[in-house]
Amino acid sequence: MSFRAIKTLLPALLGVGFFLLMGAASLSALFRYSEPHSWFGFLQQPYLWRVVRFSLWQALLSSGLSLLLAIPVASCLIHRQFYGRAALLQLFSVSMVVPTIVAILGLVVVYGRAGWFNQLFGVQVPLYGLTGILLAHVFFNMPLAVRLLLQGYDLIPSGQWRQASQLGFSRLAAFRWIEWHYMKKVLPGAFVLIFMLCFSSFAVVLSLGGGPKFSTLEVAIYQALRFDFDLNKASFLALLQVFICTFFAAIVYRIAPVNRQDVSVLRATSYLLKDSLWARFVDFVALGCAFVLVIPPFLAIFEPIFSPLFLDTLLSPALWRAVLVSLQIAIPAALISLLLGVCFSVLARFCVARRYVASLPNKIEHLGNMILMVPGLVIATGLFLTLREVGWGLESSYWVVVWVNAVMALPFVLRALMPVMYQQERRFRNVYLSLGVQAWSRWQLEWPLIRKGVAQAFGYALLLSLGDMGVIALFGSQGLVSLPLYLFQLIGAYRLEEGSCVAVVLITLCLLLFYCATRFIGGRSLAEH
Amino acid sequence: MLSINLLYDWERFHAHYCVNIEPGMTTLLGASGEGKSTLLHLLGGFLEGRGGLFFNEKSLLSLPAYERPISTLFQSDNLFPQLTVWQNVAIGLSPSLSLSSEQKIRVQWALEKTQLVDKAKRFPQALSGGQAQRVAIARALVRKKPILLLDEPFSALDPSLREEMLHLVNEVTMEFGLTTLLVSHLPYEASLVGGRVILIEQGRIAAHEPVSVLSQLDPHPLFLNYLGLSRVGA
């Protein structure tokens with residue numbers, strides 16, 4: 001690598017280096033406070049194994065169900081044009097990042113004891129326990145799975161659809177011979193991502209778990225830190241979680257087929273396939289399930305608008321203090337996350353076309369995604385301890401929350417950024433090289449082409465930080481109460497109605513900020529997917 | 001006979017193709033962007049046009065691509081890389097790949113005809129450009145469609161291989177009485193396959209003549225401009 005190349009890449013290298021440094025400092029601080037010789041004792045505890053078993057079981061079920069439903073929904077969305085399709089895709093992109101606590105409230109309104117479902121059909125869903133956890137996880141992850149699969153559909157060359165149309169493929173034949181071939185390349189990655197999200201699920205399990213019987217490792221870590229301040233146990237549990245996730249990811253990636261197909265630079269044209277009653281029926285059922293799962297909880301969230309309590313809640317100073325705290329956390333966290341994402345993407349795409357570092361892009365991406373394996377609570381605690389050692393006291397809590405929110409959003413930022421950055425590299429690399437276009441001048445040229453990806457990345461990071469109920473639950477204090485924490489406190493105090501009104505404010509804020517981010521950064525028309 | 005009276009509009013491009021085509025080879029000539037491929041896409045059912053399209057007095061216009069009596073070979077993406085050569089040919093007969101013994105014999109016959117029997121179990125990635133296009137021709141053969149559209153499928157091949165493919169297409173057209181339309185940039189290809197030539201200019205049929213028009217010392221006035229340009233281009 002030439003000196004000039006290193007100079008150009010210096011900001012990106014510094015960004016990734018800082019990310020690694022903070023991670024290392026945080027983990028090393030945590031391990032300094034732990035006693036590994038006592039860890040064997042933890043392994044003897046039946047409670048631990050029950051927690052591990054349940055964490056694995058619910059994550060497997062959640063990811064399996066999400067993908068099983070997402071496959072026919074994605075196929076239907078590719079082949080059918082219907083009124084509201086674009087709106088549904090937008091809803092899917094929002095439901096992925098809707099604040100957990102708000103979605104939980106929506107699910108309670110729909111499936112709770114006095115919920116809509118019970119009122120309409122007289123059937124009570126056992127919401128507190130495995131069923132509730134699965135419902136919430138599928139609500140969050142089925143839309144994510146659909147969008148990941150749609151990215152897989154983008155890999156199918158337009159010519160294959162043209163051939164399918166010419167040869168009279170039915171939907172089943174098209175799925176069997178074309179779609180499945182590309183889908184099976186995307187599925188393992190999607191499965192690992194969703195599995196990890198569910199395995200390390202915190203707020204959903206804390207709220208809908210209904211007791212120690214349905215506890216996950218992440219909740220056990222929270223309990224060890226919040227109630228016992230047992231750093232030793234927390235480090236052990238964190239390590240166990242990292243180990244299980246790594247082991248699982250390694251197995252899945254080992255058996256997964258390699259995806260070498262390049263993303264087409266041309267927008268795929270849709271060609272007519274043979275339709276049948278059976279295909280229409282399957283599409284109807286799949287889409288119906290998706291509608292029933294995703295839309296009612298969304299509608300339920302907005303129900304309190306008509307309540308007289310809504311105005312009173314809006315006039316509460318505590319609410320607006322919480323809004324301000326949320327913005328003070330979310331905006332810097334999203335900016336940091338985007339900056340980190342750009343650093344990772346710039347480094348990865350630099351390596352894409354250079355043979356001597358060709359294996360690096362995947363590793364760089366995995367490095368950014370690794371955060372999904374490490375519990376956010378553990379990083380936060382480690383970071384807090386590190387800062388305490390260098391003389392920062394409780395005032396560091398704010399920055400700890402901002403930083404951990406930024407790095408927790410990084411995998412989503414990378415997912416939105418990496419494909420567009422790679423695409424520009426592949427399309428224009430030779431032109432850039434021959435004209436000597438690099439650094440800032442390259443950004444100026446690329447900006448109109450990547451701004452939608454950047455906007456989406458920023459929007460995701462903003463929403464994830466705005467809805468965070470993990471780190472803030474641990475570090476939240478009198479002066480640091482964000483909207484989700486305020487909502488959680490209201491629910492905990494059985495002030496459900498007031499909580500529902502706060503949820504409306506939170507979701508409105510999310511939608512407003514997501515719209516502003518995509519509209520002002522992304523330009524006039526943000527692509528559907 | 002293939003009767004075409006098609007209109008198509010796309011932004012500032014307004015095409016109106018009006019011509020009757022007899023069975024045999026017909027080469028579509030014309031400069032880039034004049035609308036040769038557009039005509040083939042309209043015939044194949046991949047673009048929606050207005051007007052009339054008849055084959056042996058049966059209207060094709062309202063039919064989707066898979067119901068038209070047409071096989072189309074494109075410049076690329078004719079094969080499914082995830083299927084073997086045998087499957088790529090067989091899928092032309094049955095998209096579910098469940099073939100009767102008679103159909104299997106037909107696939108075998110097409111593979112023999114295109115000299116691909118020993119490559120039957122290979123995937124397209126393991127074939128040369130010429131072999132891959134032969135697979136596509138084999139599929140067109142098993143489909144038994146009376147119209148064959150060729151949208152420059154051999155343009156990426158080297159000259160000797162291209163000639164070999166054109167001879168094969170010509171042979172198949174004659175043997176099965178097909179109506180074959182070949183899009184080409186090169187007048188010599190038209191001379192090689194014989195039949196008739198159509199000159200397309202700005203989305204219109206400017207001329208429809210026997211291929212001998214190209215070899216005349218004093219060419220047809222409508223071809224003069226095109227041939228002059230193509231010679232300069234060469």
# chains A, B, ... in the order shown; residues from 1 in each chain; ligands from 1
call {"tool": "residues_around", "arguments": {"residues": "region 472-484 of chain A", "least_positions_apart": "2", "cutoff": "8 Å", "atoms": "only C-alpha atoms", "output": "list in words"}}
result
Pro99, Ile101, Val102, Tyr222, Leu225, Arg226, Leu319, Arg321, Ala322, Val323, Leu324, Val325, Ser326, Leu377, Ser397, Tyr398, Val401, Leu466, Gly467, Asp468, Met469, Gly470, Tyr486, Leu487, Phe488, Val502 and Leu506 of chain A
call {"tool": "interface_residues", "arguments": {"of": "chain A", "to": "chain B", "cutoff": "6 Å", "atoms": "only C-alpha atoms", "output": "VMD selection string"}}
result
chain A and resid 159 165 to 169 173
call {"tool": "write_last_selection", "arguments": {"atoms": "C-alpha atoms", "output": "PDB file, in the first residue's frame"}}
result
ATOM      1  CA  GLY A 159     -32.416 -11.598 -17.994  1.00  0.00           C
ATOM      2  CA  SER A 165     -41.511 -15.046 -18.861  1.00  0.00           C
ATOM      3  CA  GLN A 166     -40.654 -16.426 -22.286  1.00  0.00           C
ATOM      4  CA  LEU A 167     -40.654 -20.036 -21.110  1.00  0.00           C
ATOM      5  CA  GLY A 168     -43.954 -19.707 -19.278  1.00  0.00           C
ATOM      6  CA  PHE A 169     -42.708 -20.291 -15.733  1.00  0.00           C
ATOM      7  CA  ALA A 173     -41.278 -22.872 -11.091  1.00  0.00           C
TER       8      ALA A 173
END
call {"tool": "select_by_dssp", "arguments": {"residues": "region 16-225 of chain B", "states": "alpha helix (DSSP H)", "output": "JSON, numbers by chain"}}
result
{"B": [36, 37, 38, 39, 40, 41, 42, 43, 44, 85, 86, 87, 88, 89, 90, 101, 102, 103, 104, 105, 106, 107, 108, 109, 110, 111, 112, 113, 129, 130, 131, 132, 133, 134, 135, 136, 137, 138, 139, 140, 141, 142, 143, 159, 160, 161, 162, 163, 164, 165, 166, 167, 168, 169, 170, 171, 172, 173, 174, 175, 176, 187, 188, 189, 190, 191, 192, 193, 221, 222, 223, 224, 225]}
call {"tool": "residues_around", "arguments": {"residues": "Leu43 (chain B)", "least_positions_apart": "3", "cutoff": "12 Å", "atoms": "only C-alpha atoms", "output": "PyMOL selection string"}}
result
(chain A and resi 166) or (chain B and resi 2-8+17+36-40+46-55+59-72+147-151+180-181)
call {"tool": "write_last_selection", "arguments": {"atoms": "C-alpha atoms", "output": "JSON list (two decimals), in the first residue's frame"}}
result
[["chain", "number", "residue", "atom", "x", "y", "z"],
["A", 166, "GLN", "CA", -40.65, -16.43, -22.29],
["B", 2, "LEU", "CA", -45.78, -12.65, -39.80],
["B", 3, "SER", "CA", -47.72, -9.41, -40.23],
["B", 4, "ILE", "CA", -46.48, -6.49, -38.23],
["B", 5, "ASN", "CA", -48.14, -3.13, -37.77],
["B", 6, "LEU", "CA", -46.86, -2.00, -34.40],
["B", 7, "LEU", "CA", -46.58, 1.37, -32.72],
["B", 8, "TYR", "CA", -44.44, 2.10, -29.72],
["B", 17, "TYR", "CA", -43.13, -0.80, -37.74],
["B", 36, "LYS", "CA", -33.94, -2.96, -34.16],
["B", 37, "SER", "CA", -33.96, -4.51, -30.69],
["B", 38, "THR", "CA", -37.12, -2.62, -29.81],
["B", 39, "LEU", "CA", -38.91, -4.39, -32.64],
["B", 40, "LEU", "CA", -37.71, -7.77, -31.38],
["B", 46, "PHE", "CA", -41.28, -8.02, -23.57],
["B", 47, "LEU", "CA", -42.47, -4.54, -24.50],
["B", 48, "GLU", "CA", -46.06, -3.49, -24.85],
["B", 49, "GLY", "CA", -46.94, -2.02, -28.23],
["B", 50, "ARG", "CA", -50.11, -0.87, -29.95],
["B", 51, "GLY", "CA", -51.51, -1.81, -33.34],
["B", 52, "GLY", "CA", -51.60, -5.28, -34.85],
["B", 53, "LEU", "CA", -49.39, -8.35, -34.81],
["B", 54, "PHE", "CA", -50.52, -11.48, -36.63],
["B", 55, "PHE", "CA", -48.92, -14.82, -37.35],
["B", 59, "SER", "CA", -53.41, -12.15, -33.44],
["B", 60, "LEU", "CA", -50.47, -12.27, -31.01],
["B", 61, "LEU", "CA", -50.62, -8.81, -29.51],
["B", 62, "SER", "CA", -52.72, -9.60, -26.46],
["B", 63, "LEU", "CA", -50.76, -12.75, -25.67],
["B", 64, "PRO", "CA", -48.13, -12.74, -22.90],
["B", 65, "ALA", "CA", -44.57, -13.67, -23.89],
["B", 66, "TYR", "CA", -44.97, -17.33, -22.91],
["B", 67, "GLU", "CA", -48.03, -17.87, -25.08],
["B", 68, "ARG", "CA", -46.57, -16.43, -28.28],
["B", 69, "PRO", "CA", -45.25, -18.89, -30.88],
["B", 70, "ILE", "CA", -41.84, -17.32, -30.47],
["B", 71, "SER", "CA", -38.41, -18.21, -29.09],
["B", 72, "THR", "CA", -36.04, -15.34, -28.46],
["B", 147, "ILE", "CA", -40.70, -17.92, -34.99],
["B", 148, "LEU", "CA", -37.10, -17.46, -33.87],
["B", 149, "LEU", "CA", -35.86, -14.03, -32.83],
["B", 150, "LEU", "CA", -32.13, -13.45, -32.48],
["B", 151, "ASP", "CA", -31.11, -10.22, -30.77],
["B", 180, "THR", "CA", -36.19, -16.22, -38.21],
["B", 181, "LEU", "CA", -35.37, -12.57, -37.52]]
call {"tool": "residues_around", "arguments": {"residues": "region 158-175 of chain B", "least_positions_apart": "2", "cutoff": "8 Å", "atoms": "only C-alpha atoms", "output": "MDAnalysis selection string"}}
result
chainID B and resid 24:25 130 134 137 154:156 177:180 189 192:193
